[in-house]
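Engineer: What follows is coords.txt, compact mmCIF, C-alpha atoms.
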```
# COMPACT_ATOMS: atom_id res chain seq x y z
CA MET A 498 -17.95 10.34 31.00
CA LYS A 499 -14.76 10.76 33.04
CA TRP A 500 -14.60 7.08 33.92
CA ILE A 501 -14.74 6.19 30.21
CA ILE A 502 -11.85 8.54 29.44
CA LYS A 503 -9.92 7.22 32.43
CA MET A 504 -10.54 3.61 31.44
CA PHE A 505 -9.40 4.01 27.83
CA SER A 506 -6.38 6.10 28.84
CA SER A 507 -5.19 3.39 31.22
CA THR A 508 -2.81 0.63 30.11
CA ILE A 509 -5.61 -1.94 30.14
CA GLY A 510 -7.89 0.36 28.15
CA GLN A 511 -5.20 1.06 25.55
CA LYS A 512 -4.52 -2.67 25.19
CA PHE A 513 -8.26 -3.18 24.71
CA ILE A 514 -8.26 -0.60 21.90
CA MET A 515 -5.18 -2.23 20.38
CA ALA A 516 -6.94 -5.60 20.39
CA LEU A 517 -10.14 -4.31 18.75
CA THR A 518 -8.35 -2.27 16.09
CA GLY A 519 -5.93 -5.13 15.45
CA LEU A 520 -8.73 -7.63 14.83
CA PHE A 521 -10.47 -5.14 12.53
CA LEU A 522 -7.25 -4.82 10.53
CA CYS A 523 -7.00 -8.63 10.40
CA ALA A 524 -10.50 -8.75 8.91
CA PHE A 525 -9.45 -6.17 6.33
CA LEU A 526 -6.40 -8.27 5.44
CA ILE A 527 -8.68 -11.18 4.54
CA VAL A 528 -10.68 -9.02 2.11
CA HIS A 529 -7.54 -7.36 0.73
CA THR A 530 -5.85 -10.72 0.14
CA LEU A 531 -8.86 -12.20 -1.65
CA GLY A 532 -9.15 -9.09 -3.83
CA ASN A 533 -5.46 -8.99 -4.71
CA LEU A 534 -5.48 -12.67 -5.67
CA GLN A 535 -7.33 -11.44 -8.80
CA LEU A 536 -3.89 -10.31 -9.99
CA PHE A 537 -3.05 -13.92 -10.82
CA LYS A 538 -5.94 -14.30 -13.29
CA SER A 539 -4.94 -14.49 -16.96
CA ASP A 540 -7.47 -11.95 -18.18
CA GLY A 541 -5.29 -8.91 -18.81
CA GLY A 542 -6.23 -7.44 -15.43
CA LEU A 543 -10.01 -7.35 -15.98
CA ALA A 544 -10.92 -9.07 -12.68
CA PHE A 545 -8.47 -7.01 -10.61
CA ASN A 546 -9.42 -3.71 -12.24
CA THR A 547 -13.12 -4.46 -11.77
CA TYR A 548 -12.41 -5.21 -8.11
CA SER A 549 -10.46 -1.93 -7.81
CA VAL A 550 -13.37 0.06 -9.26
CA PHE A 551 -15.81 -1.57 -6.85
CA MET A 552 -13.57 -0.88 -3.85
CA SER A 553 -13.11 2.77 -4.81
CA THR A 554 -16.68 3.65 -5.83
CA ASN A 555 -19.06 1.59 -3.67
CA PRO A 556 -20.42 4.02 -1.01
CA VAL A 557 -20.42 1.38 1.76
CA ILE A 558 -16.84 0.35 0.98
CA LYS A 559 -15.78 4.01 0.85
CA CYS A 560 -17.18 4.60 4.36
CA ILE A 561 -15.41 1.48 5.63
CA SER A 562 -12.17 2.66 4.00
CA TYR A 563 -12.28 5.92 6.01
CA LEU A 564 -12.78 3.82 9.13
CA LEU A 565 -9.82 1.70 8.03
CA TYR A 566 -7.51 4.72 7.71
CA ALA A 567 -8.57 5.95 11.16
CA THR A 568 -8.06 2.45 12.60
CA ILE A 569 -4.52 2.21 11.21
CA LEU A 570 -3.61 5.57 12.75
CA LEU A 571 -5.28 4.74 16.08
CA HIS A 572 -3.60 1.32 16.23
CA ALA A 573 -0.20 2.87 15.50
CA ILE A 574 -0.62 5.75 17.97
CA LYS A 575 -1.82 3.48 20.78
CA GLY A 576 1.02 1.09 20.05
CA PHE A 577 3.60 3.86 20.40
CA MET A 578 1.89 5.11 23.57
CA LEU A 579 2.04 1.65 25.15
CA LEU A 580 5.66 1.24 24.13
CA ARG A 581 6.53 4.63 25.63
CA LYS A 582 4.62 3.86 28.83
CA ASN A 583 6.45 0.54 29.21
CA LYS A 584 9.80 2.29 28.72
CA LYS A 585 8.92 4.89 31.36
CA ALA A 586 7.85 2.18 33.78
CA ARG A 587 11.29 0.60 33.47
CA PRO A 588 13.76 3.28 32.30
CA ILE A 589 16.76 1.14 33.28
CA ASP A 590 16.92 -2.47 32.15
CA TYR A 591 17.43 -5.13 34.74
CA ALA A 592 20.98 -6.38 35.12
CA VAL A 593 19.80 -9.87 34.24
CA GLN A 594 16.94 -10.35 31.83
CA GLY A 595 15.15 -13.59 31.14
CA GLY A 596 13.24 -12.25 28.15
CA SER A 597 13.33 -15.46 26.18
CA ALA A 598 12.11 -17.38 29.21
CA ASN A 599 9.25 -14.99 29.98
CA SER A 600 7.93 -14.14 26.51
CA HIS A 601 8.36 -14.87 22.81
CA TRP A 602 10.69 -12.49 20.98
CA THR A 603 7.81 -11.35 18.73
CA SER A 604 6.08 -10.04 21.84
CA ARG A 605 9.17 -8.04 22.83
CA SER A 606 9.63 -6.74 19.26
CA MET A 607 6.09 -5.55 18.51
CA GLY A 608 7.21 -1.91 18.55
CA ILE A 609 9.92 -2.47 15.93
CA LEU A 610 7.72 -4.72 13.81
CA GLY A 611 4.85 -2.24 13.99
CA THR A 612 7.11 0.65 12.94
CA ILE A 613 8.33 -1.31 9.91
CA LEU A 614 4.74 -2.09 8.98
CA LEU A 615 3.67 1.54 9.30
CA LEU A 616 6.47 2.65 6.97
CA PHE A 617 5.51 -0.14 4.57
CA ILE A 618 1.86 0.97 4.55
CA VAL A 619 2.94 4.52 3.69
CA VAL A 620 5.06 3.27 0.75
CA HIS A 621 2.32 0.89 -0.39
CA MET A 622 -0.42 3.53 -0.33
CA TYR A 623 1.78 6.06 -2.12
CA ASN A 624 2.67 3.61 -4.91
CA PHE A 625 -0.86 2.39 -5.59
CA TRP A 626 -3.68 4.15 -3.68
CA PHE A 627 -2.31 7.66 -4.26
CA GLU A 628 -1.43 6.93 -7.89
CA TYR A 629 -4.86 5.43 -8.53
CA LYS A 630 -6.66 8.42 -6.99
CA PHE A 631 -4.46 11.33 -8.04
CA GLY A 632 -1.80 10.01 -10.43
CA HIS A 633 -1.75 9.30 -14.14
CA VAL A 634 -2.94 5.71 -14.27
CA PRO A 635 -3.81 4.77 -17.88
CA PHE A 636 -7.22 3.50 -18.97
CA THR A 637 -7.94 0.18 -20.63
CA SER A 638 -11.10 -0.99 -22.39
CA TYR A 639 -12.09 -4.66 -22.19
CA PHE A 640 -14.32 -6.22 -24.85
CA THR A 641 -15.88 -9.53 -23.82
CA ASN A 642 -17.73 -11.58 -26.42
CA MET A 643 -20.92 -12.65 -24.68
CA ALA A 644 -21.23 -15.74 -26.87
CA THR A 645 -17.70 -17.13 -26.55
CA GLY A 646 -16.51 -15.47 -23.32
CA GLU A 647 -13.32 -14.34 -25.06
CA THR A 648 -11.94 -11.04 -23.76
CA LYS A 649 -9.75 -8.57 -25.63
CA PHE A 650 -8.36 -5.35 -24.20
CA GLN A 651 -6.99 -2.11 -25.55
CA PRO A 652 -5.06 0.62 -23.67
CA MET A 653 -6.27 4.18 -24.15
CA SER A 654 -5.56 7.65 -22.84
CA ALA A 655 -7.63 9.42 -20.21
CA ASP A 656 -8.33 12.26 -22.68
CA TYR A 657 -9.82 9.82 -25.19
CA VAL A 658 -12.03 8.20 -22.52
CA GLN A 659 -13.32 11.55 -21.28
CA ALA A 660 -13.82 12.97 -24.77
CA ASN A 661 -15.90 9.97 -25.86
CA LYS A 662 -17.69 9.67 -22.51
CA MET A 663 -16.93 5.97 -22.46
CA GLU A 664 -18.43 3.86 -19.67
CA GLU A 665 -19.27 0.26 -18.89
CA GLY A 666 -22.08 -1.14 -21.04
CA MET A 667 -23.10 -3.32 -23.93
CA ILE A 668 -22.43 -2.77 -27.60
CA SER A 669 -23.49 -4.78 -30.61
CA ASN A 670 -21.94 -5.25 -34.04
CA GLU A 671 -22.13 -7.71 -36.89
CA GLN A 672 -20.06 -10.23 -34.90
CA GLY A 673 -22.47 -10.37 -31.95
CA GLN A 674 -22.91 -8.80 -28.54
CA PHE A 675 -20.00 -7.55 -26.50
CA ARG A 676 -19.73 -6.33 -22.93
CA VAL A 677 -17.48 -3.31 -22.69
CA VAL A 678 -15.68 -2.32 -19.51
CA VAL A 679 -13.56 0.85 -19.41
CA VAL A 680 -11.48 1.25 -16.26
CA LYS A 681 -8.34 2.77 -14.84
CA ASP A 682 -5.71 0.09 -15.39
CA LEU A 683 -4.29 -0.37 -11.89
CA PHE A 684 -3.21 -3.85 -13.00
CA LYS A 685 -0.76 -2.26 -15.44
CA GLU A 686 0.50 0.04 -12.68
CA VAL A 687 1.16 -3.00 -10.46
CA GLU A 688 2.84 -4.83 -13.34
CA ILE A 689 5.21 -1.93 -14.05
CA SER A 690 5.97 -1.17 -10.40
CA PHE A 691 6.96 -4.75 -9.57
CA LYS A 692 9.60 -4.77 -12.28
CA GLU A 693 11.71 -2.70 -9.86
CA TRP A 694 13.88 -5.13 -7.90
CA TRP A 695 14.23 -2.88 -4.85
CA LEU A 696 10.45 -2.52 -4.49
CA VAL A 697 9.99 -6.29 -4.79
CA ALA A 698 12.70 -6.85 -2.19
CA LEU A 699 11.07 -4.30 0.13
CA TYR A 700 7.68 -6.04 -0.13
CA VAL A 701 9.11 -9.50 0.49
CA ILE A 702 11.19 -8.36 3.49
CA CYS A 703 8.24 -6.48 4.98
CA MET A 704 6.10 -9.61 4.71
CA PHE A 705 8.37 -11.20 7.32
CA SER A 706 7.44 -8.32 9.63
CA VAL A 707 3.77 -8.87 8.82
CA SER A 708 4.15 -12.56 9.65
CA PHE A 709 5.83 -12.05 13.01
CA HIS A 710 3.56 -9.14 13.94
CA LEU A 711 0.43 -11.18 13.26
CA TYR A 712 1.88 -14.27 14.92
CA HIS A 713 1.81 -12.53 18.27
CA GLY A 714 -0.85 -9.87 17.68
CA PHE A 715 -3.75 -12.08 16.57
CA GLN A 716 -3.54 -14.45 19.54
CA SER A 717 -2.79 -11.76 22.13
CA ALA A 718 -5.83 -9.76 20.98
CA PHE A 719 -8.15 -12.57 22.06
CA GLN A 720 -6.34 -12.85 25.40
CA THR A 721 -6.72 -9.10 25.98
CA LEU A 722 -10.45 -9.31 25.25
CA GLY A 723 -10.78 -12.18 27.72
CA ILE A 724 -11.57 -14.75 25.02
CA ASN A 725 -9.24 -17.34 26.41
CA HIS A 726 -10.50 -20.88 26.92
CA SER A 727 -9.04 -24.33 26.36
CA LYS A 728 -12.00 -25.23 24.10
CA TYR A 729 -11.11 -22.74 21.37
CA ASN A 730 -7.53 -21.64 22.14
CA GLY A 731 -6.29 -24.32 19.77
CA LEU A 732 -8.45 -22.97 16.92
CA ILE A 733 -7.35 -19.38 17.60
CA GLN A 734 -3.70 -20.46 17.58
CA PHE A 735 -4.20 -22.48 14.38
CA ILE A 736 -5.82 -19.54 12.55
CA GLY A 737 -3.23 -17.10 13.91
CA VAL A 738 -0.26 -19.22 12.87
CA TRP A 739 -1.30 -20.93 9.64
CA PHE A 740 -3.60 -18.30 8.14
CA PHE A 741 -2.46 -14.90 9.38
CA SER A 742 1.25 -15.45 9.95
CA ILE A 743 1.90 -17.90 7.07
CA PHE A 744 -0.74 -17.87 4.30
CA ILE A 745 -1.43 -14.12 4.11
CA PRO A 746 2.26 -13.00 4.13
CA ILE A 747 3.13 -15.66 1.53
CA ALA A 748 0.21 -14.58 -0.66
CA PHE A 749 1.28 -10.92 -0.53
CA ALA A 750 4.96 -11.78 -1.13
CA ALA A 751 4.00 -13.97 -4.11
CA MET A 752 2.38 -11.04 -5.93
CA PRO A 753 5.49 -8.88 -6.49
CA LEU A 754 7.60 -11.98 -7.17
CA TYR A 755 5.05 -13.15 -9.77
CA PHE A 756 5.27 -9.88 -11.74
CA PHE A 757 9.03 -9.57 -11.33
CA PHE A 758 9.73 -12.99 -12.84
CA LYS A 759 6.76 -12.99 -15.24
```
As a first step, turn the structure in this file into structure tokens.
Structural biologist:
Amino acid sequence: MKWIIKMFSSTIGQKFIMALTGLFLCAFLIVHTLGNLQLFKSDGGLAFNTYSVFMSTNPVIKCISYLLYATILLHAIKGFMLLRKNKKARPIDYAVQGGSANSHWTSRSMGILGTILLLFIVVHMYNFWFEYKFGHVPFTSYFTNMATGETKFQPMSADYVQANKMEEGMISNEQGQFRVVVVKDLFKEVEISFKEWWLVALYVICMFSVSFHLYHGFQSAFQTLGINHSKYNGLIQFIGVWFFSIFIPIAFAAMPLYFFFK
């Protein structure tokens, strides 16, 4: 037992934990990006709100979400511990530094980039996750004509929903069958929030930090885990650069800009 504690408390062990937690967070980003792309659908928020309900009620997803929160904290704590250990190892900078010659600046700035990201996550979760769970997010009912596929929606208060015990189901009337979906309208919350210019600016600026953080972090995680071979290094670099450090940050930055200029 002691050798396990000693191994994971060492610099190598902490880097190993950073690599595993970092790759887990990268996997989450893929799911989160695909889910948030539902915001661009022209359906009054039906797809995104349905996705939000699934992510907040599915028991498997809920268990994974608790693991996600713990992973974010562990990744941040280990990152600060490594940064502090590196500072203690070299309390006084060398008179001449060849930082740019020895490593990419993203590697030397992971502490700053990570701190910005942690603050961004706090703001992001407060604005949306906290509001969705504990705030006053309005309800909306969606009526989809099963024959034509046309969807209409109507905002309603939480008191009305609870009083009428409304829930997802099917109703019929003289015009045909309709599928009814009643959900918390997180789409509307997103739409209202991203009319604030400062919040949009914050998201866009923080996406640069996401890009640079992932540019170095994704590739270095594989090196730390010993997955480093000429056969697949090119693929790892391609995914790290074009998908994680370019596509995902652009996709997330496009969302607030879309609602701001909509």
Engineer: Quick one, how far is atom CA of A:Val738 from atom CA of A:Phe709?
Structural biologist: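 Separation of atom CA of A:Val738 and atom CA of A:Phe709: 9.4 Å.
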Engineer: Rounded to one decimal, what separation in Å do you get between atom CA of A:Ile558 and atom CA of A:Gly532?
Structural biologist: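 Pair atom CA of A:Ile558 / atom CA of A:Gly532 returns 13.1 Å.
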Engineer: Can you list, as JSON, numbers by chain, every protein, DNA or RNA residue that comes within 12 Å of A:Ser539 when you count all atoms listed in the file, leaving out same-chain residues fewer than 4 positions away?
Structural biologist: {"A": [534, 535, 543, 544, 545, 647, 648, 649, 684, 759]}
Engineer: Excluding A:Met643 and any residue of its chain fewer than 4 positions from it, enumerate the residues within 10 Å of it, using all atoms listed in the file, and give them as JSON, numbers by chain.
Structural biologist: {"A": [647, 648, 667, 673, 674, 675, 676]}
Engineer: Between A:Leu610, A:Ile569, A:Val634, A:Leu616, which residue has the minimum interatomic distance to A:Gly714, considering all atoms listed in the file?
Structural biologist: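 Of all the options, A:Leu610 lies closest to A:Gly714.
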Engineer: What gap, in Å, lies between atom CA of A:Lys685 and atom CA of A:Phe741?
Structural biologist: 27.9 Å
Engineer: Restricting the calculation to only C-alpha atoms: of A:His529, A:Lys692, A:Lys575, A:Lys538, which residue gets closest to A:Phe749?
Structural biologist: A:His529
Engineer: Step by step: start from the point (-11.8, 3.0, -15.7) in the file's coordinates, keep every protein, DNA or RNA residue that has an atom no farther than 7 Å from it, count only C-alpha atoms, and write the set as a PyMOL selection string.
Structural biologist: chain A and resi 636-637+679-682
Engineer: Which is closer to A:Asn546 than all the others in A:Asn533, A:Val701, A:Ala573, A:His633, using all atoms listed in the file?
Structural biologist: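 Among the listed residues, A:Asn533 lies closest to A:Asn546.
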Engineer: So, counting only C-alpha atoms, which residue among A:Val619, A:Ile609, A:Ile574, A:Leu754 is closest to A:Trp695?
Structural biologist: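 Closest to A:Trp695 of all the choices is A:Leu754.
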Engineer: Out of A:Val697, A:Leu571, A:Ile527, A:Cys703, which residue has the shortest atom-to-atom distance to A:Phe740 when counting all atoms listed in the file?
Structural biologist: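 Nearest to A:Phe740: A:Ile527.
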Engineer: Which one of A:Thr547, A:Phe640, A:Leu517, A:Gly737 sits closest to A:His713 if you count only C-alpha atoms?
Structural biologist: A:Gly737
Engineer: Show me as a ChimeraX atom specification the residues that reach within 12 Å of (-4.8, 5.8, -5.5), counting all atoms listed in the file and using the file's own coordinates.
Structural biologist: /A:549-550,552-553,620-634,681-683,686-687
